[in-house]
$ cat run.cif   # mmCIF, C-alpha atoms
data_protein
loop_
_atom_site.group_PDB
_atom_site.id
_atom_site.type_symbol
_atom_site.label_atom_id
_atom_site.label_comp_id
_atom_site.auth_asym_id
_atom_site.auth_seq_id
_atom_site.Cartn_x
_atom_site.Cartn_y
_atom_site.Cartn_z
ATOM 1 C CA MET A 1 0.000 0.000 0.000
ATOM 2 C CA SER A 2 1.372 3.397 -0.989
ATOM 3 C CA GLU A 3 1.416 6.169 1.643
ATOM 4 C CA ARG A 4 0.675 9.163 -0.563
ATOM 5 C CA MET A 5 -0.743 11.327 2.260
ATOM 6 C CA ARG A 6 0.478 11.656 5.830
ATOM 7 C CA ILE A 7 -0.790 13.582 8.839
ATOM 8 C CA GLY A 8 1.419 14.861 11.627
ATOM 9 C CA GLN A 9 0.689 16.661 14.859
ATOM 10 C CA GLY A 10 2.887 18.749 17.103
ATOM 11 C CA ILE A 11 2.661 20.608 20.372
ATOM 12 C CA ASP A 12 4.980 23.095 22.014
ATOM 13 C CA ILE A 13 4.827 25.147 25.190
ATOM 14 C CA HIS A 14 7.116 27.827 26.601
ATOM 15 C CA ARG A 15 6.954 29.878 29.750
ATOM 16 C CA PHE A 16 7.402 33.628 29.584
ATOM 17 C CA SER A 17 10.968 34.869 29.954
ATOM 18 C CA ASP A 18 12.180 36.971 32.883
ATOM 19 C CA ASP A 19 14.205 39.036 30.380
ATOM 20 C CA PRO A 20 12.230 42.253 29.813
ATOM 21 C CA HIS A 21 14.055 42.864 26.518
ATOM 22 C CA ARG A 22 13.327 39.471 24.925
ATOM 23 C CA PRO A 23 10.813 39.874 22.074
ATOM 24 C CA LEU A 24 7.739 37.677 21.734
ATOM 25 C CA VAL A 25 7.922 35.830 18.411
ATOM 26 C CA LEU A 26 5.008 33.626 17.336
ATOM 27 C CA GLY A 27 4.524 32.200 13.873
ATOM 28 C CA GLY A 28 7.568 34.143 12.703
ATOM 29 C CA VAL A 29 5.918 37.447 13.706
ATOM 30 C CA VAL A 30 7.208 39.767 16.434
ATOM 31 C CA ILE A 31 4.370 40.781 18.758
ATOM 32 C CA GLU A 32 5.318 44.292 19.837
ATOM 33 C CA GLY A 33 5.015 45.260 23.492
ATOM 34 C CA ALA A 34 4.615 41.688 24.773
ATOM 35 C CA ARG A 35 6.909 39.641 27.007
ATOM 36 C CA GLY A 36 9.035 37.124 25.145
ATOM 37 C CA LEU A 37 9.173 33.407 25.785
ATOM 38 C CA ALA A 38 12.036 31.548 27.461
ATOM 39 C CA GLY A 39 13.943 29.107 25.311
ATOM 40 C CA HIS A 40 17.235 28.189 23.654
ATOM 41 C CA SER A 41 16.124 29.554 20.269
ATOM 42 C CA ASP A 42 13.703 32.471 19.890
ATOM 43 C CA ALA A 43 11.128 30.150 21.579
ATOM 44 C CA ASP A 44 8.548 30.526 18.809
ATOM 45 C CA ALA A 45 6.043 27.911 20.023
ATOM 46 C CA VAL A 46 4.013 28.137 16.802
ATOM 47 C CA CYS A 47 6.974 27.377 14.524
ATOM 48 C CA HIS A 48 8.099 24.625 16.887
ATOM 49 C CA ALA A 49 4.692 22.909 16.951
ATOM 50 C CA LEU A 50 4.353 23.126 13.164
ATOM 51 C CA ALA A 51 7.894 21.819 12.638
ATOM 52 C CA ASP A 52 7.225 18.907 15.001
ATOM 53 C CA ALA A 53 4.043 18.113 13.067
ATOM 54 C CA VAL A 54 5.979 17.989 9.781
ATOM 55 C CA LEU A 55 8.708 15.822 11.300
ATOM 56 C CA GLY A 56 6.119 13.478 12.780
ATOM 57 C CA ALA A 57 4.261 13.106 9.500
ATOM 58 C CA VAL A 58 7.458 12.042 7.753
ATOM 59 C CA GLY A 59 8.569 9.849 10.664
ATOM 60 C CA LEU A 60 11.725 11.824 11.399
ATOM 61 C CA GLY A 61 11.395 12.221 15.161
ATOM 62 C CA ASP A 62 11.040 15.572 16.846
ATOM 63 C CA LEU A 63 12.571 19.031 16.789
ATOM 64 C CA GLY A 64 14.913 18.323 19.723
ATOM 65 C CA ARG A 65 16.426 15.379 17.852
ATOM 66 C CA HIS A 66 17.434 17.582 14.935
ATOM 67 C CA PHE A 67 18.131 20.849 16.767
ATOM 68 C CA PRO A 68 19.034 19.998 20.396
ATOM 69 C CA ASP A 69 18.977 22.781 22.966
ATOM 70 C CA THR A 70 22.336 21.472 24.185
ATOM 71 C CA ASP A 71 24.000 22.551 20.932
ATOM 72 C CA PRO A 72 25.188 26.172 21.063
ATOM 73 C CA ILE A 73 24.804 26.519 17.283
ATOM 74 C CA TRP A 74 21.015 26.747 17.760
ATOM 75 C CA GLU A 75 21.130 29.302 20.593
ATOM 76 C CA GLY A 76 19.048 32.346 19.657
ATOM 77 C CA VAL A 77 18.232 30.979 16.194
ATOM 78 C CA HIS A 78 15.042 32.216 14.554
ATOM 79 C CA SER A 79 12.581 29.337 14.587
ATOM 80 C CA VAL A 80 11.493 30.193 11.046
ATOM 81 C CA GLU A 81 14.953 28.936 10.050
ATOM 82 C CA LEU A 82 14.326 25.674 11.917
ATOM 83 C CA LEU A 83 10.957 25.279 10.180
ATOM 84 C CA THR A 84 12.587 25.978 6.816
ATOM 85 C CA ARG A 85 15.137 23.233 7.460
ATOM 86 C CA VAL A 86 12.392 20.809 8.530
ATOM 87 C CA VAL A 87 10.436 21.467 5.333
ATOM 88 C CA ARG A 88 13.633 20.667 3.397
ATOM 89 C CA LEU A 89 14.026 17.414 5.350
ATOM 90 C CA ALA A 90 10.448 16.486 4.406
ATOM 91 C CA ALA A 91 11.154 17.328 0.766
ATOM 92 C CA ASP A 92 14.300 15.183 0.859
ATOM 93 C CA ALA A 93 12.094 12.328 2.103
ATOM 94 C CA GLY A 94 9.736 12.896 -0.839
ATOM 95 C CA PHE A 95 6.956 14.887 0.863
ATOM 96 C CA SER A 96 5.535 18.385 0.595
ATOM 97 C CA VAL A 97 3.127 20.237 2.861
ATOM 98 C CA VAL A 98 -0.477 20.393 1.657
ATOM 99 C CA ASN A 99 -1.742 22.521 4.539
ATOM 100 C CA GLY A 100 -1.255 23.197 8.228
ATOM 101 C CA ASP A 101 -3.516 24.244 11.079
ATOM 102 C CA CYS A 102 -2.263 25.776 14.330
ATOM 103 C CA THR A 103 -4.075 26.711 17.540
ATOM 104 C CA VAL A 104 -2.241 29.005 19.945
ATOM 105 C CA VAL A 105 -3.322 29.060 23.595
ATOM 106 C CA ALA A 106 -2.415 32.291 25.378
ATOM 107 C CA GLU A 107 -4.222 34.301 28.023
ATOM 108 C CA ALA A 108 -2.135 37.320 27.106
ATOM 109 C CA PRO A 109 -1.349 39.026 24.863
ATOM 110 C CA ARG A 110 -4.385 39.060 22.618
ATOM 111 C CA LEU A 111 -3.249 37.327 19.426
ATOM 112 C CA ALA A 112 -6.248 37.676 17.127
ATOM 113 C CA PRO A 113 -4.855 40.870 15.533
ATOM 114 C CA HIS A 114 -1.704 38.925 14.550
ATOM 115 C CA THR A 115 -3.036 35.591 13.284
ATOM 116 C CA ASP A 116 -3.341 36.686 9.648
ATOM 117 C CA ALA A 117 0.298 37.797 9.623
ATOM 118 C CA MET A 118 1.348 34.506 11.241
ATOM 119 C CA SER A 119 -0.637 32.520 8.665
ATOM 120 C CA ALA A 120 0.976 34.428 5.811
ATOM 121 C CA ARG A 121 4.504 34.065 7.229
ATOM 122 C CA LEU A 122 4.156 30.337 7.932
ATOM 123 C CA GLY A 123 2.465 29.684 4.593
ATOM 124 C CA ALA A 124 5.377 31.309 2.808
ATOM 125 C CA VAL A 125 7.839 29.122 4.706
ATOM 126 C CA VAL A 126 6.065 25.792 4.138
ATOM 127 C CA GLY A 127 4.795 26.605 0.639
ATOM 128 C CA ALA A 128 1.161 25.851 1.484
ATOM 129 C CA PRO A 129 -1.771 27.405 3.348
ATOM 130 C CA VAL A 130 -1.401 27.520 7.127
ATOM 131 C CA SER A 131 -4.280 28.515 9.376
ATOM 132 C CA VAL A 132 -3.480 30.096 12.745
ATOM 133 C CA LYS A 133 -6.138 30.499 15.414
ATOM 134 C CA ALA A 134 -5.832 31.906 18.919
ATOM 135 C CA THR A 135 -7.745 30.936 22.029
ATOM 136 C CA ARG A 136 -7.519 31.537 25.773
ATOM 137 C CA ALA A 137 -7.314 29.068 28.650
ATOM 138 C CA GLU A 138 -10.053 31.044 30.447
ATOM 139 C CA GLY A 139 -8.035 31.367 33.639
ATOM 140 C CA LEU A 140 -7.357 27.639 34.015
ATOM 141 C CA GLY A 141 -3.895 26.330 34.907
ATOM 142 C CA ALA A 142 -0.515 27.816 34.063
ATOM 143 C CA LEU A 143 -1.666 29.058 30.655
ATOM 144 C CA GLY A 144 -4.738 30.647 32.223
ATOM 145 C CA ARG A 145 -2.512 32.428 34.721
ATOM 146 C CA ALA A 146 -0.574 33.867 31.742
ATOM 147 C CA GLU A 147 2.618 32.003 32.657
ATOM 148 C CA GLY A 148 3.333 31.008 29.063
ATOM 149 C CA VAL A 149 2.073 30.114 25.603
ATOM 150 C CA ALA A 150 1.251 26.763 24.011
ATOM 151 C CA CYS A 151 0.557 25.773 20.435
ATOM 152 C CA MET A 152 -0.899 22.671 18.852
ATOM 153 C CA ALA A 153 -0.440 22.029 15.146
ATOM 154 C CA VAL A 154 -1.566 19.501 12.602
ATOM 155 C CA VAL A 155 -0.231 19.180 9.076
ATOM 156 C CA LEU A 156 -1.101 17.203 5.959
ATOM 157 C CA LEU A 157 1.759 16.123 3.701
ATOM 158 C CA ALA A 158 1.582 14.586 0.262
ATOM 159 C CA GLN A 159 4.106 12.410 -1.498
ATOM 160 C CA ALA A 160 5.898 14.585 -4.023
#
$ encode --input "run.cif" --output "structure tokens"
Amino acid sequence: MSERMRIGQGIDIHRFSDDPHRPLVLGGVVIEGARGLAGHSDADAVCHALADAVLGAVGLGDLGRHFPDTDPIWEGVHSVELLTRVVRLAADAGFSVVNGDCTVVAEAPRLAPHTDAMSARLGAVVGAPVSVKATRAEGLGALGRAEGVACMAVVLLAQA
């Protein structure tokens, strides 16, 4: 049986950084005036979740396997670059992205004004439509207390 289509899912979560100068980057877009996320790279949870979804669909493990946070070469890297590399890995394995869908969970800041820009940026990187939606945790748990941001992503790949 030929596997012409594959689905992958990814999730990523980062707490907010204590560094008041660290920018918040989500979906490759800088959200002005918001606290940044803690992480080895730029901590873009949306790019990370989408990249993990692509890797999972192709059966190539996870983001940490390819870009470990113990390797100084990836320190401070823009996660759009990581996603770009992951899309190339999928292409090398004979797959291309058909579409992606991401849901960002954040109590603050309000992300709805930025989701179109995130969709456009991610779509340009993966070469296919990417939907980005934002929701709140409604005060529940760490996300509801605005301690960080999470993202869940699903992606459909087709054999090239």
$ residues_near_point --input "run.cif" --point "(-1.4, 33.7, 13.6)" --cutoff "7 Å" --atoms "only C-alpha atoms" --output "VMD selection string"
chain A and resid 27 114 to 119 132 to 133
$ residues_around --input "run.cif" --residues "A:Ser79" --least-positions-apart "4" --cutoff "9 Å" --atoms "only C-alpha atoms" --output "list in words"
Val25, Gly27, Gly28, Ser41, Asp42, Ala43, Asp44, Ala45, Val46, Cys47, His48, Leu83 and Thr84 of chain A
$ resolve_selection --input "run.cif" --expression "the PyMOL selection byres ((chain A and resi 134) around 8)" --output "MDAnalysis selection string"
chainID A and resid 103:106 111:112 115 132:133 135:136
$ closest_atom_pairs --input "run.cif" --of "stretch 75-128 of chain A" --to "stretch 56-71 of chain A" --cutoff "8 Å" --atoms "all atoms listed in the file" --output "tab-separated table"
residue	atom	partner	partner_atom	distance
A:Glu75	CA	A:Asp69	CA	7.3
A:Leu82	CA	A:Phe67	CA	7.8
A:Ala90	CA	A:Val58	CA	6.3
A:Ala93	CA	A:Val58	CA	7.3
A:Phe95	CA	A:Val58	CA	7.5
$ resolve_selection --input "run.cif" --expression "the PyMOL selection byres ((chain A and resi 157) around 12)" --output "JSON, numbers by chain"
{"A": [3, 4, 5, 6, 7, 8, 9, 53, 54, 55, 56, 57, 58, 59, 87, 90, 91, 93, 94, 95, 96, 97, 98, 99, 100, 126, 127, 128, 129, 154, 155, 156, 158, 159, 160]}
$ resolve_selection --input "run.cif" --expression "the PyMOL selection byres ((chain A and resi 35) around 8)" --output "number ranges by chain"
A: 16-17, 20-24, 33-34, 36-37
$ closest_residue --input "run.cif" --among "A:Ala153, A:Val77, A:Ile11, A:Val125" --to "A:Gly39" --atoms "all atoms listed in the file"
A:Val77
$ closest_residue --input "run.cif" --among "A:Arg145, A:His40, A:Arg88, A:Arg121" --to "A:Trp74" --atoms "only C-alpha atoms"
A:His40
$ decode --input "run.cif" --residues "stretch 130-150 of chain A" --atoms "N, CA and C atoms" --output "PDB file, in the first residue's frame"
ATOM      1  N   VAL A 130      -1.469  27.840   5.703  1.00  0.00           N
ATOM      2  CA  VAL A 130      -1.401  27.520   7.127  1.00  0.00           C
ATOM      3  C   VAL A 130      -2.398  28.414   7.856  1.00  0.00           C
ATOM      4  N   SER A 131      -3.294  27.800   8.564  1.00  0.00           N
ATOM      5  CA  SER A 131      -4.280  28.515   9.376  1.00  0.00           C
ATOM      6  C   SER A 131      -3.722  28.672  10.786  1.00  0.00           C
ATOM      7  N   VAL A 132      -3.874  29.862  11.359  1.00  0.00           N
ATOM      8  CA  VAL A 132      -3.480  30.096  12.745  1.00  0.00           C
ATOM      9  C   VAL A 132      -4.672  30.688  13.478  1.00  0.00           C
ATOM     10  N   LYS A 133      -5.035  30.036  14.580  1.00  0.00           N
ATOM     11  CA  LYS A 133      -6.138  30.499  15.414  1.00  0.00           C
ATOM     12  C   LYS A 133      -5.603  30.733  16.814  1.00  0.00           C
ATOM     13  N   ALA A 134      -6.236  31.634  17.544  1.00  0.00           N
ATOM     14  CA  ALA A 134      -5.832  31.906  18.919  1.00  0.00           C
ATOM     15  C   ALA A 134      -7.023  31.686  19.844  1.00  0.00           C
ATOM     16  N   THR A 135      -6.720  31.133  21.016  1.00  0.00           N
ATOM     17  CA  THR A 135      -7.745  30.936  22.029  1.00  0.00           C
ATOM     18  C   THR A 135      -7.125  31.197  23.390  1.00  0.00           C
ATOM     19  N   ARG A 136      -7.986  31.306  24.399  1.00  0.00           N
ATOM     20  CA  ARG A 136      -7.519  31.537  25.773  1.00  0.00           C
ATOM     21  C   ARG A 136      -7.805  30.299  26.611  1.00  0.00           C
ATOM     22  N   ALA A 137      -7.100  30.174  27.720  1.00  0.00           N
ATOM     23  CA  ALA A 137      -7.314  29.068  28.650  1.00  0.00           C
ATOM     24  C   ALA A 137      -8.373  29.424  29.691  1.00  0.00           C
ATOM     25  N   GLU A 138      -8.956  30.610  29.570  1.00  0.00           N
ATOM     26  CA  GLU A 138     -10.053  31.044  30.447  1.00  0.00           C
ATOM     27  C   GLU A 138      -9.689  30.954  31.927  1.00  0.00           C
ATOM     28  N   GLY A 139      -8.462  31.311  32.245  1.00  0.00           N
ATOM     29  CA  GLY A 139      -8.035  31.367  33.639  1.00  0.00           C
ATOM     30  C   GLY A 139      -7.639  30.035  34.244  1.00  0.00           C
ATOM     31  N   LEU A 140      -7.663  28.961  33.475  1.00  0.00           N
ATOM     32  CA  LEU A 140      -7.357  27.639  34.015  1.00  0.00           C
ATOM     33  C   LEU A 140      -5.872  27.299  33.878  1.00  0.00           C
ATOM     34  N   GLY A 141      -5.266  26.818  34.934  1.00  0.00           N
ATOM     35  CA  GLY A 141      -3.895  26.330  34.907  1.00  0.00           C
ATOM     36  C   GLY A 141      -2.854  27.400  34.613  1.00  0.00           C
ATOM     37  N   ALA A 142      -1.643  26.922  34.310  1.00  0.00           N
ATOM     38  CA  ALA A 142      -0.515  27.816  34.063  1.00  0.00           C
ATOM     39  C   ALA A 142      -0.766  28.740  32.873  1.00  0.00           C
ATOM     40  N   LEU A 143      -1.381  28.207  31.811  1.00  0.00           N
ATOM     41  CA  LEU A 143      -1.666  29.058  30.655  1.00  0.00           C
ATOM     42  C   LEU A 143      -2.713  30.099  31.010  1.00  0.00           C
ATOM     43  N   GLY A 144      -3.699  29.713  31.796  1.00  0.00           N
ATOM     44  CA  GLY A 144      -4.738  30.647  32.223  1.00  0.00           C
ATOM     45  C   GLY A 144      -4.223  31.723  33.154  1.00  0.00           C
ATOM     46  N   ARG A 145      -3.152  31.422  33.859  1.00  0.00           N
ATOM     47  CA  ARG A 145      -2.512  32.428  34.721  1.00  0.00           C
ATOM     48  C   ARG A 145      -1.506  33.268  33.941  1.00  0.00           C
ATOM     49  N   ALA A 146      -1.469  33.114  32.633  1.00  0.00           N
ATOM     50  CA  ALA A 146      -0.574  33.867  31.742  1.00  0.00           C
ATOM     51  C   ALA A 146       0.889  33.631  32.099  1.00  0.00           C
ATOM     52  N   GLU A 147       1.239  32.360  32.363  1.00  0.00           N
ATOM     53  CA  GLU A 147       2.618  32.003  32.657  1.00  0.00           C
ATOM     54  C   GLU A 147       3.384  31.592  31.402  1.00  0.00           C
ATOM     55  N   GLY A 148       2.673  31.407  30.292  1.00  0.00           N
ATOM     56  CA  GLY A 148       3.333  31.008  29.063  1.00  0.00           C
ATOM     57  C   GLY A 148       2.361  30.880  27.915  1.00  0.00           C
ATOM     58  N   VAL A 149       2.835  30.280  26.836  1.00  0.00           N
ATOM     59  CA  VAL A 149       2.073  30.114  25.603  1.00  0.00           C
ATOM     60  C   VAL A 149       2.256  28.681  25.121  1.00  0.00           C
ATOM     61  N   ALA A 150       1.183  28.102  24.606  1.00  0.00           N
ATOM     62  CA  ALA A 150       1.251  26.763  24.011  1.00  0.00           C
ATOM     63  C   ALA A 150       0.692  26.831  22.602  1.00  0.00           C
TER      64      ALA A 150
END
